[in-house]
>>> print(open('final.cif').read())   # mmCIF, N, CA, C and O atoms and all ligand atoms
data_start
loop_
_atom_site.label_atom_id
_atom_site.label_comp_id
_atom_site.auth_asym_id
_atom_site.auth_seq_id
_atom_site.Cartn_x
_atom_site.Cartn_y
_atom_site.Cartn_z
N MET F 578 -58.19 8.26 -2.39
CA MET F 578 -57.06 7.97 -1.51
C MET F 578 -55.76 8.19 -2.26
O MET F 578 -55.59 7.66 -3.35
N PRO F 579 -54.87 9.01 -1.68
CA PRO F 579 -53.61 9.27 -2.38
C PRO F 579 -52.73 8.04 -2.44
O PRO F 579 -52.74 7.21 -1.52
N GLU F 580 -52.02 7.95 -3.53
CA GLU F 580 -51.13 6.80 -3.70
C GLU F 580 -49.88 6.97 -2.85
O GLU F 580 -49.26 8.03 -2.86
N LEU F 581 -49.59 5.97 -2.09
CA LEU F 581 -48.40 6.02 -1.23
C LEU F 581 -47.15 5.70 -2.02
O LEU F 581 -47.15 4.78 -2.82
N GLN F 582 -46.13 6.49 -1.77
CA GLN F 582 -44.86 6.20 -2.43
C GLN F 582 -44.09 5.21 -1.57
O GLN F 582 -44.01 5.35 -0.36
N THR F 583 -43.58 4.25 -2.21
CA THR F 583 -42.76 3.30 -1.47
C THR F 583 -41.33 3.83 -1.37
O THR F 583 -40.82 4.45 -2.31
N VAL F 584 -40.75 3.62 -0.22
CA VAL F 584 -39.37 4.04 -0.02
C VAL F 584 -38.49 2.84 -0.25
O VAL F 584 -38.59 1.84 0.44
N ARG F 585 -37.65 2.98 -1.22
CA ARG F 585 -36.75 1.86 -1.51
C ARG F 585 -35.57 1.87 -0.53
O ARG F 585 -35.08 2.93 -0.16
N PRO F 586 -35.15 0.71 -0.14
CA PRO F 586 -33.95 0.67 0.71
C PRO F 586 -32.74 1.12 -0.07
O PRO F 586 -32.68 1.00 -1.30
N ALA F 587 -31.81 1.68 0.65
CA ALA F 587 -30.59 2.13 -0.01
C ALA F 587 -29.92 0.93 -0.67
O ALA F 587 -29.84 -0.14 -0.10
N THR F 588 -29.48 1.16 -1.84
CA THR F 588 -28.81 0.07 -2.54
C THR F 588 -27.43 -0.16 -1.93
O THR F 588 -26.80 0.76 -1.44
N THR F 589 -27.04 -1.38 -1.97
CA THR F 589 -25.71 -1.69 -1.44
C THR F 589 -24.67 -1.15 -2.41
O THR F 589 -24.86 -1.19 -3.63
N PRO F 590 -23.59 -0.62 -1.89
CA PRO F 590 -22.56 -0.09 -2.78
C PRO F 590 -21.95 -1.21 -3.62
O PRO F 590 -21.91 -2.36 -3.20
N ALA F 591 -21.49 -0.84 -4.79
CA ALA F 591 -20.91 -1.84 -5.68
C ALA F 591 -19.65 -2.44 -5.08
O ALA F 591 -19.35 -3.60 -5.29
N VAL F 592 -18.92 -1.62 -4.34
CA VAL F 592 -17.69 -2.10 -3.70
C VAL F 592 -17.91 -2.00 -2.21
O VAL F 592 -18.24 -0.94 -1.70
N SER F 593 -17.72 -3.09 -1.51
CA SER F 593 -17.98 -3.10 -0.08
C SER F 593 -16.89 -2.35 0.67
O SER F 593 -15.74 -2.32 0.23
N PRO F 594 -17.27 -1.72 1.79
CA PRO F 594 -16.25 -1.02 2.59
C PRO F 594 -15.14 -1.96 3.05
O PRO F 594 -14.00 -1.54 3.19
N ARG F 595 -15.49 -3.21 3.27
CA ARG F 595 -14.46 -4.16 3.69
C ARG F 595 -13.41 -4.36 2.60
O ARG F 595 -12.21 -4.45 2.87
N LEU F 596 -13.89 -4.40 1.34
CA LEU F 596 -12.95 -4.55 0.23
C LEU F 596 -12.08 -3.31 0.09
O LEU F 596 -10.88 -3.41 -0.18
N ILE F 597 -12.68 -2.14 0.30
CA ILE F 597 -11.91 -0.90 0.22
C ILE F 597 -10.83 -0.89 1.31
O ILE F 597 -9.68 -0.53 1.07
N GLY F 598 -11.20 -1.33 2.52
CA GLY F 598 -10.22 -1.39 3.60
C GLY F 598 -9.10 -2.36 3.29
O GLY F 598 -7.92 -2.07 3.54
N ALA F 599 -9.45 -3.50 2.74
CA ALA F 599 -8.43 -4.49 2.39
C ALA F 599 -7.51 -3.95 1.31
O ALA F 599 -6.29 -4.12 1.37
N ALA F 600 -8.08 -3.27 0.32
CA ALA F 600 -7.26 -2.69 -0.75
C ALA F 600 -6.34 -1.61 -0.20
O ALA F 600 -5.17 -1.53 -0.60
N ALA F 601 -6.85 -0.79 0.72
CA ALA F 601 -6.01 0.25 1.33
C ALA F 601 -4.87 -0.38 2.11
O ALA F 601 -3.73 0.11 2.09
N GLY F 602 -5.16 -1.48 2.80
CA GLY F 602 -4.11 -2.18 3.53
C GLY F 602 -3.04 -2.73 2.61
O GLY F 602 -1.84 -2.63 2.90
N VAL F 603 -3.46 -3.29 1.49
CA VAL F 603 -2.49 -3.84 0.53
C VAL F 603 -1.64 -2.72 -0.04
O VAL F 603 -0.41 -2.85 -0.17
N VAL F 604 -2.27 -1.59 -0.37
CA VAL F 604 -1.51 -0.45 -0.92
C VAL F 604 -0.51 0.06 0.11
O VAL F 604 0.66 0.32 -0.21
N ALA F 605 -0.92 0.17 1.37
CA ALA F 605 -0.01 0.64 2.42
C ALA F 605 1.15 -0.32 2.58
O ALA F 605 2.31 0.10 2.73
N PHE F 606 0.86 -1.61 2.53
CA PHE F 606 1.91 -2.62 2.67
C PHE F 606 2.89 -2.53 1.50
O PHE F 606 4.12 -2.59 1.70
N MET F 607 2.38 -2.36 0.29
CA MET F 607 3.25 -2.27 -0.87
C MET F 607 4.10 -0.99 -0.83
O MET F 607 5.26 -1.00 -1.24
N LEU F 608 3.52 0.10 -0.32
CA LEU F 608 4.31 1.33 -0.17
C LEU F 608 5.43 1.12 0.84
O LEU F 608 6.55 1.59 0.65
N LEU F 609 5.12 0.40 1.92
CA LEU F 609 6.15 0.12 2.92
C LEU F 609 7.27 -0.73 2.32
O LEU F 609 8.46 -0.43 2.51
N ILE F 610 6.90 -1.76 1.57
CA ILE F 610 7.90 -2.61 0.94
C ILE F 610 8.73 -1.81 -0.06
O ILE F 610 9.96 -1.94 -0.12
N THR F 611 8.05 -0.96 -0.85
CA THR F 611 8.78 -0.13 -1.82
C THR F 611 9.75 0.79 -1.10
O THR F 611 10.89 0.95 -1.54
N TYR F 612 9.31 1.36 0.00
CA TYR F 612 10.21 2.23 0.76
C TYR F 612 11.41 1.44 1.27
O TYR F 612 12.56 1.89 1.13
N LEU F 613 11.15 0.28 1.84
CA LEU F 613 12.25 -0.50 2.42
C LEU F 613 13.23 -0.96 1.35
O LEU F 613 14.44 -0.98 1.58
N VAL F 614 12.72 -1.33 0.17
CA VAL F 614 13.60 -1.82 -0.89
C VAL F 614 14.35 -0.66 -1.53
O VAL F 614 15.55 -0.74 -1.77
N ALA F 615 13.66 0.44 -1.79
CA ALA F 615 14.25 1.47 -2.65
C ALA F 615 14.87 2.64 -1.90
O ALA F 615 15.84 3.21 -2.38
N PHE F 616 14.33 3.00 -0.74
CA PHE F 616 14.74 4.28 -0.17
C PHE F 616 15.30 4.20 1.23
O PHE F 616 15.85 5.19 1.72
N ASP F 617 15.16 3.08 1.89
CA ASP F 617 15.60 3.01 3.28
C ASP F 617 17.10 3.15 3.38
O ASP F 617 17.85 2.48 2.67
N GLN F 618 17.53 4.03 4.25
CA GLN F 618 18.95 4.21 4.52
C GLN F 618 19.24 3.97 6.00
O GLN F 618 20.33 4.28 6.47
N GLY F 619 18.26 3.48 6.73
CA GLY F 619 18.45 3.19 8.14
C GLY F 619 17.93 4.27 9.06
O GLY F 619 17.86 4.06 10.27
N ALA F 620 17.55 5.44 8.53
CA ALA F 620 17.10 6.53 9.39
C ALA F 620 15.75 6.20 10.03
O ALA F 620 15.53 6.49 11.20
N VAL F 621 14.85 5.60 9.25
CA VAL F 621 13.52 5.28 9.77
C VAL F 621 13.49 3.88 10.36
O VAL F 621 12.96 3.65 11.43
N SER F 622 14.09 2.94 9.66
CA SER F 622 14.00 1.56 10.11
C SER F 622 14.94 1.28 11.28
O SER F 622 14.80 0.25 11.93
N GLN F 623 15.88 2.17 11.55
CA GLN F 623 16.84 1.99 12.65
C GLN F 623 17.64 0.71 12.48
O GLN F 623 18.09 0.13 13.46
N SER F 624 17.81 0.27 11.23
CA SER F 624 18.55 -0.97 11.00
C SER F 624 19.96 -0.68 10.51
O SER F 624 20.64 -1.60 10.07
N GLY F 625 20.36 0.57 10.58
CA GLY F 625 21.66 0.91 10.03
C GLY F 625 21.63 0.70 8.53
O GLY F 625 20.64 0.99 7.87
N MET F 626 22.67 0.14 7.97
CA MET F 626 22.71 -0.12 6.54
C MET F 626 22.34 -1.57 6.25
O MET F 626 22.53 -2.05 5.13
N TYR F 627 21.82 -2.28 7.25
CA TYR F 627 21.51 -3.70 7.05
C TYR F 627 20.49 -3.90 5.94
O TYR F 627 20.73 -4.70 5.01
N LEU F 628 19.35 -3.21 6.01
CA LEU F 628 18.33 -3.38 4.97
C LEU F 628 18.85 -2.88 3.62
O LEU F 628 18.55 -3.46 2.59
N HIS F 629 19.62 -1.81 3.64
CA HIS F 629 20.17 -1.30 2.40
C HIS F 629 21.03 -2.37 1.72
O HIS F 629 20.91 -2.61 0.52
N GLU F 630 21.90 -2.98 2.50
CA GLU F 630 22.76 -4.02 1.94
C GLU F 630 21.95 -5.23 1.51
O GLU F 630 22.24 -5.86 0.49
N LEU F 631 20.94 -5.57 2.31
CA LEU F 631 20.10 -6.73 1.98
C LEU F 631 19.35 -6.52 0.66
O LEU F 631 19.22 -7.44 -0.14
N MET F 632 18.88 -5.31 0.42
CA MET F 632 18.08 -5.01 -0.76
C MET F 632 18.92 -4.45 -1.91
O MET F 632 18.38 -4.00 -2.92
N HIS F 633 20.24 -4.47 -1.77
CA HIS F 633 21.09 -3.74 -2.70
C HIS F 633 20.93 -4.21 -4.15
O HIS F 633 20.80 -3.39 -5.06
N ASP F 634 20.92 -5.51 -4.36
CA ASP F 634 20.76 -6.02 -5.72
C ASP F 634 19.40 -5.66 -6.28
O ASP F 634 19.27 -5.36 -7.48
N GLY F 635 18.40 -5.68 -5.42
CA GLY F 635 17.06 -5.29 -5.86
C GLY F 635 17.00 -3.84 -6.29
O GLY F 635 16.32 -3.49 -7.25
N ARG F 636 17.72 -2.99 -5.59
CA ARG F 636 17.77 -1.58 -5.97
C ARG F 636 18.34 -1.43 -7.38
O ARG F 636 17.78 -0.73 -8.22
N HIS F 637 19.45 -2.10 -7.63
CA HIS F 637 20.06 -1.97 -8.94
C HIS F 637 19.18 -2.59 -10.02
O HIS F 637 19.10 -2.06 -11.13
N LEU F 638 18.50 -3.68 -9.67
CA LEU F 638 17.59 -4.31 -10.62
C LEU F 638 16.47 -3.37 -11.01
O LEU F 638 16.06 -3.31 -12.17
N LEU F 639 15.97 -2.60 -10.04
CA LEU F 639 14.86 -1.69 -10.29
C LEU F 639 15.32 -0.34 -10.82
O LEU F 639 14.50 0.50 -11.18
N GLY F 640 16.65 -0.13 -10.86
CA GLY F 640 17.15 1.14 -11.38
C GLY F 640 17.04 2.29 -10.39
O GLY F 640 17.08 3.45 -10.80
N VAL F 641 16.94 1.97 -9.11
CA VAL F 641 16.89 3.04 -8.10
C VAL F 641 18.30 3.55 -7.89
O VAL F 641 19.22 2.75 -7.68
N PRO F 642 18.51 4.86 -7.94
CA PRO F 642 19.84 5.40 -7.72
C PRO F 642 20.35 4.99 -6.34
O PRO F 642 19.63 5.06 -5.37
N CYS F 643 21.58 4.58 -6.32
CA CYS F 643 22.11 4.03 -5.08
C CYS F 643 23.49 4.59 -4.79
O CYS F 643 23.71 5.22 -3.78
N HIS F 644 24.44 4.34 -5.68
CA HIS F 644 25.79 4.84 -5.48
C HIS F 644 26.47 5.03 -6.82
O HIS F 644 25.95 4.65 -7.83
ZN ZN E 701 24.31 0.13 -5.22
#
>>> encode(input="final.cif", output="structure tokens", more="lines below")
Ligand SMILES: [Zn+2]
Amino acid sequence: MPELQTVRPATTPAVSPRLIGAAAGVVAFMLLITYLVAFDQGAVSQSGMYLHELMHDGRHLLGVPCH
């Protein structure tokens, strides 16, 4: 009688898809915050210069060219 090979179940990935999704969300959020702090001039946010003025000290603290 031939020996039957057992089929092993697929191993679970080391990093769960849920964790990858959460990490992607955090990265997207941080990119949005970075954009709003460093680069927003009101064209995308439609806030005029409000966000620019609000984040102005932060821009200078981070060394982002401003004026
Ligand atoms: Zn400035």
>>> closest_atom_pairs(input="final.cif", of="chain F", to="ligand ZN 701 (chain E)", cutoff="6 Å", atoms="all atoms listed in the file", output="Markdown table")
| residue | atom | partner | partner_atom | distance |
| --- | --- | --- | --- | --- |
| F:His633 | O | E:ZN701 | ZN | 5.0 |
| F:His637 | N | E:ZN701 | ZN | 5.9 |
| F:Cys643 | CA | E:ZN701 | ZN | 4.5 |
| F:His644 | N | E:ZN701 | ZN | 4.2 |
>>> select_by_dssp(input="final.cif", residues="chain F", states="helix (DSSP H, G or I)", output="ChimeraX atom specification")
/F:594-615,627-631,633-639
>>> atom_distance(input="final.cif", atom1="atom N of Leu638 in chain F", atom2="atom O of Ala599 in chain F")
27.1 Å
>>> atom_distance(input="final.cif", atom1="atom C of Glu630 in chain F", atom2="atom O of Phe606 in chain F")
18.0 Å
>>> residues_around(input="final.cif", residues="range 615-625 of chain F", least_positions_apart="5", cutoff="12 Å", atoms="only C-alpha atoms", output="list in words")
Met607, Leu608, Leu609, Ile610, Glu630, Leu631, Met632, His633, Asp634, Gly635, Arg636, His637, Leu638, Leu639, Gly640, Val641, Pro642 and Cys643 of chain F
>>> atom_distance(input="final.cif", atom1="atom N of Leu628 in chain F", atom2="atom C of Leu613 in chain F")
8.0 Å
>>> build_atoms(input="final.cif", residues="range 597-608 of chain F", atoms="all heavy atoms", output="PDB file, keeping the file's coordinate frame")
ATOM      1  N   ILE F 597     -12.680  -2.140   0.300  1.00  0.00           N
ATOM      2  CA  ILE F 597     -11.910  -0.900   0.220  1.00  0.00           C
ATOM      3  C   ILE F 597     -10.830  -0.890   1.310  1.00  0.00           C
ATOM      4  O   ILE F 597      -9.680  -0.530   1.070  1.00  0.00           O
ATOM      5  CB  ILE F 597     -12.839   0.313   0.356  1.00  0.00           C
ATOM      6  CG1 ILE F 597     -13.752   0.406  -0.869  1.00  0.00           C
ATOM      7  CG2 ILE F 597     -12.025   1.588   0.522  1.00  0.00           C
ATOM      8  CD1 ILE F 597     -14.819   1.461  -0.756  1.00  0.00           C
ATOM      9  N   GLY F 598     -11.200  -1.330   2.520  1.00  0.00           N
ATOM     10  CA  GLY F 598     -10.220  -1.390   3.600  1.00  0.00           C
ATOM     11  C   GLY F 598      -9.100  -2.360   3.290  1.00  0.00           C
ATOM     12  O   GLY F 598      -7.920  -2.070   3.540  1.00  0.00           O
ATOM     13  N   ALA F 599      -9.450  -3.500   2.740  1.00  0.00           N
ATOM     14  CA  ALA F 599      -8.430  -4.490   2.390  1.00  0.00           C
ATOM     15  C   ALA F 599      -7.510  -3.950   1.310  1.00  0.00           C
ATOM     16  O   ALA F 599      -6.290  -4.120   1.370  1.00  0.00           O
ATOM     17  CB  ALA F 599      -9.095  -5.784   1.922  1.00  0.00           C
ATOM     18  N   ALA F 600      -8.080  -3.270   0.320  1.00  0.00           N
ATOM     19  CA  ALA F 600      -7.260  -2.690  -0.750  1.00  0.00           C
ATOM     20  C   ALA F 600      -6.340  -1.610  -0.200  1.00  0.00           C
ATOM     21  O   ALA F 600      -5.170  -1.530  -0.600  1.00  0.00           O
ATOM     22  CB  ALA F 600      -8.166  -2.124  -1.847  1.00  0.00           C
ATOM     23  N   ALA F 601      -6.850  -0.790   0.720  1.00  0.00           N
ATOM     24  CA  ALA F 601      -6.010   0.250   1.330  1.00  0.00           C
ATOM     25  C   ALA F 601      -4.870  -0.380   2.110  1.00  0.00           C
ATOM     26  O   ALA F 601      -3.730   0.110   2.090  1.00  0.00           O
ATOM     27  CB  ALA F 601      -6.848   1.147   2.216  1.00  0.00           C
ATOM     28  N   GLY F 602      -5.160  -1.480   2.800  1.00  0.00           N
ATOM     29  CA  GLY F 602      -4.110  -2.180   3.530  1.00  0.00           C
ATOM     30  C   GLY F 602      -3.040  -2.730   2.610  1.00  0.00           C
ATOM     31  O   GLY F 602      -1.840  -2.630   2.900  1.00  0.00           O
ATOM     32  N   VAL F 603      -3.460  -3.290   1.490  1.00  0.00           N
ATOM     33  CA  VAL F 603      -2.490  -3.840   0.530  1.00  0.00           C
ATOM     34  C   VAL F 603      -1.640  -2.720  -0.040  1.00  0.00           C
ATOM     35  O   VAL F 603      -0.410  -2.850  -0.170  1.00  0.00           O
ATOM     36  CB  VAL F 603      -3.233  -4.610  -0.589  1.00  0.00           C
ATOM     37  CG1 VAL F 603      -2.288  -4.923  -1.733  1.00  0.00           C
ATOM     38  CG2 VAL F 603      -3.842  -5.882  -0.035  1.00  0.00           C
ATOM     39  N   VAL F 604      -2.270  -1.590  -0.370  1.00  0.00           N
ATOM     40  CA  VAL F 604      -1.510  -0.450  -0.920  1.00  0.00           C
ATOM     41  C   VAL F 604      -0.510   0.060   0.110  1.00  0.00           C
ATOM     42  O   VAL F 604       0.660   0.320  -0.210  1.00  0.00           O
ATOM     43  CB  VAL F 604      -2.475   0.674  -1.364  1.00  0.00           C
ATOM     44  CG1 VAL F 604      -1.709   1.960  -1.649  1.00  0.00           C
ATOM     45  CG2 VAL F 604      -3.258   0.237  -2.584  1.00  0.00           C
ATOM     46  N   ALA F 605      -0.920   0.170   1.370  1.00  0.00           N
ATOM     47  CA  ALA F 605      -0.010   0.640   2.420  1.00  0.00           C
ATOM     48  C   ALA F 605       1.150  -0.320   2.580  1.00  0.00           C
ATOM     49  O   ALA F 605       2.310   0.100   2.730  1.00  0.00           O
ATOM     50  CB  ALA F 605      -0.765   0.811   3.731  1.00  0.00           C
ATOM     51  N   PHE F 606       0.860  -1.610   2.530  1.00  0.00           N
ATOM     52  CA  PHE F 606       1.910  -2.620   2.670  1.00  0.00           C
ATOM     53  C   PHE F 606       2.890  -2.530   1.500  1.00  0.00           C
ATOM     54  O   PHE F 606       4.120  -2.590   1.700  1.00  0.00           O
ATOM     55  CB  PHE F 606       1.285  -4.015   2.737  1.00  0.00           C
ATOM     56  CG  PHE F 606       2.288  -5.109   2.896  1.00  0.00           C
ATOM     57  CD1 PHE F 606       2.959  -5.299   4.089  1.00  0.00           C
ATOM     58  CD2 PHE F 606       2.569  -5.957   1.839  1.00  0.00           C
ATOM     59  CE1 PHE F 606       3.894  -6.307   4.229  1.00  0.00           C
ATOM     60  CE2 PHE F 606       3.499  -6.970   1.961  1.00  0.00           C
ATOM     61  CZ  PHE F 606       4.160  -7.147   3.171  1.00  0.00           C
ATOM     62  N   MET F 607       2.380  -2.360   0.290  1.00  0.00           N
ATOM     63  CA  MET F 607       3.250  -2.270  -0.870  1.00  0.00           C
ATOM     64  C   MET F 607       4.100  -0.990  -0.830  1.00  0.00           C
ATOM     65  O   MET F 607       5.260  -1.000  -1.240  1.00  0.00           O
ATOM     66  CB  MET F 607       2.436  -2.315  -2.172  1.00  0.00           C
ATOM     67  CG  MET F 607       1.744  -3.646  -2.405  1.00  0.00           C
ATOM     68  SD  MET F 607       2.831  -5.081  -2.286  1.00  0.00           S
ATOM     69  CE  MET F 607       3.838  -4.833  -3.737  1.00  0.00           C
ATOM     70  N   LEU F 608       3.520   0.100  -0.320  1.00  0.00           N
ATOM     71  CA  LEU F 608       4.310   1.330  -0.170  1.00  0.00           C
ATOM     72  C   LEU F 608       5.430   1.120   0.840  1.00  0.00           C
ATOM     73  O   LEU F 608       6.550   1.590   0.650  1.00  0.00           O
ATOM     74  CB  LEU F 608       3.406   2.484   0.258  1.00  0.00           C
ATOM     75  CG  LEU F 608       2.517   3.062  -0.829  1.00  0.00           C
ATOM     76  CD1 LEU F 608       1.555   4.086  -0.232  1.00  0.00           C
ATOM     77  CD2 LEU F 608       3.345   3.705  -1.918  1.00  0.00           C
TER      78      LEU F 608
END
